[in-house]
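Novice: Encoded as structure tokens, here's the structure I'll be asking about.
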Amino acid sequence: MPKILIIYYSRTGNTEKMANAVAEGARMIQGVEVEVKYQTAPEELANFDAIVIGTPTYHHDMSLDMKNLFEETAVKNISLKDKIGAAFGSYGWSGEAPKLVLEILKNKFQMRTIEPPLLIRYEPDQTGLEKCKELGKKIAENLALFRA
Ligand SMILES: Cc1cc2nc3c(=O)[nH]c(=O)nc-3n(C[C@H](O)[C@H](O)[C@H](O)COP(=O)(O)O)c2cc1C
């Protein structure tokens with residue numbers, strides 16, 4: 001069964017709410033397995049068909065955890081080529097982080113990215129959570145099609 005990993009960082013809980021809603025949306029599609037994690041070893045990434053990264057923007061940047069994960073994955077030559085990649089995150093005013101993530105997934109890891117990234121200002125409201133669910137559904141549908 002195709003597997004989706006949602007990995008996120010969140011300091012004040014906003015991106016965490018997004019992550020859980022993305023997972024809820026993905027789980028609405030039959031025939032895919034969904035895992036949500038706060039941290040993961042780079043070797044783990046190879047076990048998934050889609051990798052979805054959630055990171056808020058702090059200081060115009062993604063979280064340090066994500067940077068470290070990408071660096072470790074690259075240094076250890078773990079291939080993510082042709083896996084599906086997507087990104088989301090809460091932000092306050094500039095929201096660069098998910099865009100930076102997608103750029104790395106596409107250019108460094110040669111993943112098939114779902115654009116654009118999903119950005120929500122501060123705490124997601126009901127509409128925001130619906131958008132997160134839609135993203136999760138879209139990723140799962142892509143995967144179900146891709147692996148069929
Ligand atoms: C110290 C600090 C720096 C921040 N820097 C940025 C920034 O550069 N750009 C931006 O869009 N939001 C910035 N924010 C706002 C956060 O992205 C926003 O509060 C977000 O909802 C936090 O998500 P989280 O609850 O998942 O940690 C900053 C917030 C703090 C406290």
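By order of appearance in the structure tokens: chains A, B, ..., then residues from 1 within every chain, and ligands from 1 in the order shown.
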For A:Ile114, work out the shell of residues within 12 Å, counting only C-alpha atoms and skipping chain neighbours fewer than 6 positions away, then give it as a PyMOL selection string.
Specialist: chain A and resi 50-53+82-88+98-99+101-103+105-106+135-143
Novice: Taking only C-alpha atoms and all ligand atoms into account, report as a VMD selection string which residues have an atom no farther than 8 Å from an atom of ligand 1.
Specialist: chain A and resid 9 to 17 55 to 61 89 to 96 120 to 123
Novice: Per DSSP on the backbone, filter stretch 4-70 of chain A down to the residues in alpha helix (DSSP H) and report them as a list in words.
Specialist: Asn14, Thr15, Glu16, Lys17, Met18, Ala19, Asn20, Ala21, Val22, Ala23, Glu24, Gly25, Ala26, Pro42, Glu43, Glu44, Leu45, Leu64, Asp65, Met66, Lys67, Asn68, Leu69 and Phe70 of chain A
Novice: A:Met18: which residues within 7 Å, counting only C-alpha atoms, same-chain residues fewer than 6 positions away excluded, as a list in words?
Specialist: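 Near neighbours after the sequence-gap exclusion: Pro124, Leu129 and Cys132 of chain A.
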Novice: Residues as selected, all heavy atoms, written as a PDB file, in the first residue's frame, can you do that?
Specialist:
ATOM      1  N   PRO A 124      -4.799  28.200  12.048  1.00  0.00           N
ATOM      2  CA  PRO A 124      -5.776  27.915  10.995  1.00  0.00           C
ATOM      3  C   PRO A 124      -7.208  27.954  11.531  1.00  0.00           C
ATOM      4  O   PRO A 124      -7.495  27.346  12.572  1.00  0.00           O
ATOM      5  CB  PRO A 124      -5.403  26.501  10.534  1.00  0.00           C
ATOM      6  CG  PRO A 124      -4.617  25.912  11.640  1.00  0.00           C
ATOM      7  CD  PRO A 124      -3.959  27.035  12.374  1.00  0.00           C
ATOM      8  N   LEU A 129      -8.391  24.939   7.880  1.00  0.00           N
ATOM      9  CA  LEU A 129      -8.303  23.495   8.112  1.00  0.00           C
ATOM     10  C   LEU A 129      -8.864  22.711   6.922  1.00  0.00           C
ATOM     11  O   LEU A 129      -8.351  21.652   6.562  1.00  0.00           O
ATOM     12  CB  LEU A 129      -9.039  23.118   9.408  1.00  0.00           C
ATOM     13  CG  LEU A 129      -8.375  23.634  10.684  1.00  0.00           C
ATOM     14  CD1 LEU A 129      -9.254  23.358  11.904  1.00  0.00           C
ATOM     15  CD2 LEU A 129      -6.992  23.015  10.888  1.00  0.00           C
ATOM     16  N   CYS A 132      -6.277  22.519   4.356  1.00  0.00           N
ATOM     17  CA  CYS A 132      -5.288  21.494   4.725  1.00  0.00           C
ATOM     18  C   CYS A 132      -5.807  20.110   4.334  1.00  0.00           C
ATOM     19  O   CYS A 132      -5.074  19.289   3.777  1.00  0.00           O
ATOM     20  CB  CYS A 132      -5.000  21.533   6.218  1.00  0.00           C
ATOM     21  SG  CYS A 132      -4.219  23.054   6.763  1.00  0.00           S
TER      22      CYS A 132
END
Novice: For A:Ala46, please output as a PyMOL selection string all residues within 12 Å (counting only C-alpha atoms; exclusion window: fewer than 5 positions along the same chain).
Specialist: chain A and resi 3-5+40-41+51+73+76-84+109
Novice: Taking only C-alpha atoms into account, name the residue in A:Arg27, A:Leu118, A:Tyr8, A:Val22 that is nearest to A:Asp65.
Specialist: A:Tyr8
